[in-house]
Amino acid sequence: MKLATWNVNSLAVRLPQLLDWLANHHPDAMVLQETKLTDDKFPHGEFEAAGYRAEWFGQKTYNGVALLSKTAATDVVRNIPGFKDDLARVITGTVDGVRIVGGYFPNGQAPGTDKFDYKMQWLRGLREWLADELTRHPKLVLLGDFNIAPDDRDVYDPVAWAGQIHCTDEERDHLRKLMALGLVDAFRLFEQPPKSWSWWDYRNLAFRRNQGLRIDLILVSDALKASVQACTIDRAPRRNERPSDHAPVVLTLA
DNA sequence: ATGTCACCTGGTAGGTGA
């Protein structure tokens with residue numbers, strides 16, 4: 001089983017690239033972030049023509065998530081039960097016996113801002129719900145744009161980024177607590193090339209200089225850990241003519 | 001480098017978020 005996540009930064013703009021990627025990589029399921037589409041504009045017909053069922057949850061201008069799968073997802077949930085949120089950030093469904101939680105975690109802007117406080121509240125809400133969800137669905141994958149770089153080796157310039165958004169102790173502490181529920185960073189189950197990033201700022205020629213962060217993560221539950229065969233970042237779409245600022249991340253399960 | 005992109009409102013640019 002192959003799973004993938006991609007922050008497409010506008011599905012309206014990236015749909016042709018996404019359809020191309022699906023045709024080349026044929027994941028069994030894929031989650032998307034930053035679709036930036038209201039639900040009436042979601043291009044489900046294009047996905048159906050490509051062999052994918054879709055569940056989607058969007059809003060105007062910002063955020064928006066989706067779950068694509070070859071077989072229909074069941075028990076679909078939108079956002080975090082028990083956490084009131086006006087923004088469309090999470091979509092969850094069961095595909096082929098695996099509980100798939102696709103998330104677009106808040107960016108958080110900067111420590112000390114209201115957006116940072118919201119990020120902390122959101123992370124707490126996610127953790128409280130996931131603790132229950134894992135008891136109901138031991139085979140669970142949490143994947144998406146976490147907007148947190150787990151470790152200094154996930155940051156191109158850890159000195160410059162120390163204490164900055166995506167790299168604060170508070171964010172990393174929340175990530176550790178999430179993982180303490182029984183989730184492991186699939187990418188780090190394998191030896192990886194140094195300087196492996198999943199996001200490069202559009203500014204500053206960051207991709208050309210390979211100045212990025214690894215903030216798009218795939219966490220797998222303990223019950224699935226032994227079946228993880230590979231986890232890779234596909235940089236190729238970042239070289240497209242009009243790329244997303246994020247690259248897809250792919251998980252292969254036995 | 002302060003180097004971009006996407007989307008909105010409301011125009012023929014400016015603001016916001018990332």
# chains A, B, ... in the order shown; residues from 1 in each chain; ligands from 1

$ residues_around --residues "region 7-13 of chain B" --least-positions-apart "2" --cutoff "9 Å" --atoms "only C-alpha atoms (C1' of nucleotides)" --output "ChimeraX atom specification"
/A:36,61-62 /B:15-16

$ write_last_selection --atoms "N, CA and C atoms (P, O5', C5', C4', C3', O3' and C1' of nucleotides)" --output "CSV table (one decimal), in the first residue's frame"
chain,number,residue,atom,x,y,z
A,36,LYS,N,-7.4,25.4,-1.0
A,36,LYS,CA,-7.9,26.8,-1.2
A,36,LYS,C,-9.1,26.9,-2.1
A,61,THR,N,-10.2,30.8,-0.1
A,61,THR,CA,-8.9,31.5,0.0
A,61,THR,C,-7.8,30.7,0.7
A,62,TYR,N,-8.1,30.2,1.9
A,62,TYR,CA,-7.0,29.6,2.7
A,62,TYR,C,-7.4,28.1,3.1
B,15,DG,P,-1.1,48.5,1.2
B,15,DG,O5',-1.9,47.2,1.7
B,15,DG,C5',-3.3,47.3,2.0
B,15,DG,C4',-3.8,45.9,2.4
B,15,DG,C3',-2.8,45.3,3.4
B,15,DG,O3',-3.6,44.8,4.5
B,15,DG,C1',-3.2,43.8,1.6
B,16,DT,P,-2.9,44.1,5.8
B,16,DT,O5',-3.1,42.5,5.5
B,16,DT,C5',-4.4,42.0,5.3
B,16,DT,C4',-4.3,40.5,5.0
B,16,DT,C3',-3.3,39.8,6.0
B,16,DT,O3',-4.1,38.7,6.5
B,16,DT,C1',-2.8,39.2,3.7

$ residues_around --residues "DA6 (chain B)" --least-positions-apart "5" --cutoff "12 Å" --atoms "only C-alpha atoms (C1' of nucleotides)" --output "number ranges by chain"
A: 8-14, 34-37, 61-63, 202, 242-245; B: 16-18

$ closest_atom_pairs --of "chain B" --to "chain A" --cutoff "7 Å" --atoms "only C-alpha atoms (C1' of nucleotides)" --output "Markdown table"
| residue | atom | partner | partner_atom | distance |
| --- | --- | --- | --- | --- |
| B:DG3 | C1' | A:Asn204 | CA | 5.1 |
| B:DT4 | C1' | A:Tyr202 | CA | 4.6 |
| B:DC5 | C1' | A:Tyr202 | CA | 7.0 |
| B:DC7 | C1' | A:Thr61 | CA | 5.8 |

$ select_by_dssp --residues "region 40-190 of chain A" --states "helix (DSSP H, G or I)" --output "number ranges by chain"
A: 40-41, 44-49, 114-136, 152-154, 158-161, 169-179, 186-189

$ write_last_selection --atoms "N, CA and C atoms" --output "compact mmCIF listing (two decimals), in the first residue's frame"
# COMPACT_ATOMS: atom_id res chain seq x y z
N ASP A 40 -17.89 23.56 -3.27
CA ASP A 40 -18.60 23.50 -4.57
C ASP A 40 -17.63 23.54 -5.74
N LYS A 41 -16.40 23.95 -5.51
CA LYS A 41 -15.44 24.06 -6.61
C LYS A 41 -14.46 22.88 -6.65
N HIS A 44 -13.85 16.98 -8.16
CA HIS A 44 -13.93 15.52 -7.93
C HIS A 44 -14.09 14.74 -9.23
N GLY A 45 -14.70 15.35 -10.24
CA GLY A 45 -14.86 14.66 -11.51
C GLY A 45 -13.54 14.31 -12.16
N GLU A 46 -12.58 15.22 -12.08
CA GLU A 46 -11.25 14.95 -12.64
C GLU A 46 -10.57 13.80 -11.91
N PHE A 47 -10.76 13.74 -10.60
CA PHE A 47 -10.15 12.65 -9.84
C PHE A 47 -10.83 11.32 -10.15
N GLU A 48 -12.16 11.35 -10.28
CA GLU A 48 -12.87 10.12 -10.62
C GLU A 48 -12.40 9.60 -11.98
N ALA A 49 -12.21 10.50 -12.92
CA ALA A 49 -11.73 10.09 -14.24
C ALA A 49 -10.34 9.48 -14.16
N ASP A 114 -1.10 35.82 18.21
CA ASP A 114 -2.36 35.08 18.39
C ASP A 114 -2.34 33.80 17.56
N LYS A 115 -1.75 33.86 16.39
CA LYS A 115 -1.72 32.68 15.52
C LYS A 115 -0.86 31.57 16.15
N PHE A 116 0.18 31.97 16.85
CA PHE A 116 1.00 30.96 17.55
C PHE A 116 0.19 30.31 18.67
N ASP A 117 -0.55 31.13 19.42
CA ASP A 117 -1.38 30.59 20.50
C ASP A 117 -2.41 29.60 19.93
N TYR A 118 -3.00 29.98 18.80
CA TYR A 118 -3.96 29.08 18.15
C TYR A 118 -3.29 27.77 17.75
N LYS A 119 -2.07 27.86 17.23
CA LYS A 119 -1.34 26.64 16.86
C LYS A 119 -1.17 25.72 18.07
N MET A 120 -0.83 26.30 19.22
CA MET A 120 -0.64 25.49 20.43
C MET A 120 -1.96 24.85 20.86
N GLN A 121 -3.05 25.62 20.81
CA GLN A 121 -4.37 25.07 21.17
C GLN A 121 -4.76 23.94 20.22
N TRP A 122 -4.51 24.18 18.95
CA TRP A 122 -4.86 23.20 17.91
C TRP A 122 -4.09 21.90 18.11
N LEU A 123 -2.80 22.03 18.41
CA LEU A 123 -1.97 20.84 18.61
C LEU A 123 -2.44 20.05 19.83
N ARG A 124 -2.88 20.77 20.87
CA ARG A 124 -3.41 20.08 22.05
C ARG A 124 -4.72 19.36 21.70
N GLY A 125 -5.57 20.05 20.94
CA GLY A 125 -6.84 19.44 20.54
C GLY A 125 -6.62 18.20 19.69
N LEU A 126 -5.68 18.30 18.77
CA LEU A 126 -5.38 17.14 17.92
C LEU A 126 -4.91 15.96 18.77
N ARG A 127 -4.03 16.23 19.71
CA ARG A 127 -3.47 15.15 20.53
C ARG A 127 -4.56 14.49 21.36
N GLU A 128 -5.44 15.31 21.95
CA GLU A 128 -6.48 14.74 22.81
C GLU A 128 -7.42 13.85 22.00
N TRP A 129 -7.74 14.27 20.79
CA TRP A 129 -8.61 13.45 19.95
C TRP A 129 -7.87 12.19 19.46
N LEU A 130 -6.62 12.37 19.05
CA LEU A 130 -5.87 11.22 18.51
C LEU A 130 -5.65 10.12 19.55
N ALA A 131 -5.53 10.53 20.81
CA ALA A 131 -5.37 9.52 21.87
C ALA A 131 -6.55 8.55 21.83
N ASP A 132 -7.75 9.08 21.66
CA ASP A 132 -8.94 8.23 21.55
C ASP A 132 -8.97 7.49 20.23
N GLU A 133 -8.66 8.21 19.18
CA GLU A 133 -8.75 7.64 17.83
C GLU A 133 -7.83 6.42 17.71
N LEU A 134 -6.68 6.49 18.34
CA LEU A 134 -5.74 5.36 18.28
C LEU A 134 -6.27 4.13 19.01
N THR A 135 -7.06 4.33 20.03
CA THR A 135 -7.64 3.15 20.69
C THR A 135 -8.70 2.50 19.80
N ARG A 136 -9.40 3.32 19.03
CA ARG A 136 -10.41 2.78 18.11
C ARG A 136 -9.77 2.21 16.84
N ASP A 152 16.91 19.65 14.46
CA ASP A 152 17.82 20.55 13.75
C ASP A 152 18.30 19.98 12.42
N ARG A 153 18.37 18.65 12.31
CA ARG A 153 18.80 18.08 11.01
C ARG A 153 17.71 18.24 9.95
N ASP A 154 16.54 18.74 10.35
CA ASP A 154 15.46 19.00 9.40
C ASP A 154 15.40 20.46 8.98
N PRO A 158 20.08 25.66 11.15
CA PRO A 158 19.46 25.59 12.47
C PRO A 158 19.83 26.74 13.38
N VAL A 159 20.97 27.35 13.17
CA VAL A 159 21.36 28.48 14.01
C VAL A 159 20.47 29.68 13.72
N ALA A 160 20.30 29.97 12.42
CA ALA A 160 19.46 31.10 12.04
C ALA A 160 18.00 30.87 12.43
N TRP A 161 17.57 29.60 12.40
CA TRP A 161 16.16 29.29 12.66
C TRP A 161 15.86 29.00 14.12
N ASP A 169 10.89 25.42 20.70
CA ASP A 169 10.79 24.32 21.67
C ASP A 169 9.33 23.95 21.91
N GLU A 170 8.44 24.95 21.95
CA GLU A 170 7.03 24.66 22.22
C GLU A 170 6.42 23.79 21.13
N GLU A 171 6.72 24.12 19.86
CA GLU A 171 6.19 23.30 18.77
C GLU A 171 6.77 21.88 18.81
N ARG A 172 8.07 21.81 19.02
CA ARG A 172 8.71 20.50 19.04
C ARG A 172 8.25 19.67 20.23
N ASP A 173 7.94 20.34 21.33
CA ASP A 173 7.42 19.62 22.49
C ASP A 173 6.05 19.03 22.17
N HIS A 174 5.22 19.80 21.48
CA HIS A 174 3.91 19.26 21.06
C HIS A 174 4.09 18.06 20.13
N LEU A 175 5.03 18.15 19.23
CA LEU A 175 5.26 17.02 18.32
C LEU A 175 5.72 15.78 19.09
N ARG A 176 6.62 15.99 20.04
CA ARG A 176 7.07 14.85 20.87
C ARG A 176 5.90 14.23 21.62
N LYS A 177 5.01 15.06 22.14
CA LYS A 177 3.86 14.52 22.88
C LYS A 177 2.91 13.76 21.95
N LEU A 178 2.76 14.26 20.74
CA LEU A 178 1.96 13.51 19.75
C LEU A 178 2.58 12.14 19.52
N MET A 179 3.88 12.12 19.31
CA MET A 179 4.57 10.86 19.01
C MET A 179 4.55 9.92 20.22
N ALA A 186 8.10 8.12 10.04
CA ALA A 186 8.48 7.04 9.11
C ALA A 186 9.74 7.38 8.33
N PHE A 187 9.94 8.65 8.02
CA PHE A 187 11.11 9.06 7.25
C PHE A 187 12.40 8.67 7.96
N ARG A 188 12.40 8.76 9.28
CA ARG A 188 13.61 8.48 10.06
C ARG A 188 13.76 7.01 10.42
N LEU A 189 12.88 6.17 9.92
CA LEU A 189 13.09 4.72 10.08
C LEU A 189 14.17 4.24 9.12

$ select_by_dssp --residues "region 12-252 of chain A" --states "strand (DSSP E or B)" --output "ChimeraX atom specification"
/A:29-33,53-57,65-69,74-78,90-95,98-104,140-145,155,183-185,199-200,212-213,216-221,228-233,246,249-252

$ residues_around --residues "Thr232 (chain A)" --least-positions-apart "3" --cutoff "8 Å" --atoms "only C-alpha atoms (C1' of nucleotides)" --output "PyMOL selection string"
chain A and resi 187+249-251

$ write_last_selection --atoms "C-alpha atoms" --output "PDB file, in the first residue's frame"
ATOM      1  CA  PHE A 187      11.108   9.060   7.248  1.00  0.00           C
ATOM      2  CA  VAL A 249       6.141  12.679   0.718  1.00  0.00           C
ATOM      3  CA  VAL A 250       5.473   9.003   0.027  1.00  0.00           C
ATOM      4  CA  LEU A 251       5.065   6.023   2.370  1.00  0.00           C
TER       5      LEU A 251
END

$ residues_around --residues "Ala110 (chain A)" --least-positions-apart "3" --cutoff "7 Å" --atoms "only C-alpha atoms (C1' of nucleotides)" --output "compact mmCIF listing (two decimals) with C-alpha atoms, in the first residue's frame"
# COMPACT_ATOMS: atom_id res chain seq x y z
CA THR A 113 1.31 36.08 18.25
CA PHE A 116 1.00 30.96 17.55
CA GLN A 164 11.83 30.81 14.93
CA ILE A 165 8.47 29.52 13.78

$ atom_distance --atom1 "CA of Asn210 (chain A)" --atom2 "CA of Ser196 (chain A)"
8.9 Å

$ residues_around --residues "Pro27 (chain A)" --least-positions-apart "2" --cutoff "8 Å" --atoms "only C-alpha atoms (C1' of nucleotides)" --output "PyMOL selection string"
chain A and resi 1-4+22+25+29-30+69

$ atom_distance --atom1 "CA of Ile233 (chain A)" --atom2 "CA of Phe207 (chain A)"
14.2 Å

$ residues_around --residues "Lys139 (chain A)" --least-positions-apart "3" --cutoff "6 Å" --atoms "only C-alpha atoms (C1' of nucleotides)" --output "list in words"
Val98, Ala223 and Leu224 of chain A

$ atom_distance --atom1 "CA of Ala88 (chain A)" --atom2 "CA of Trp199 (chain A)"
20.9 Å
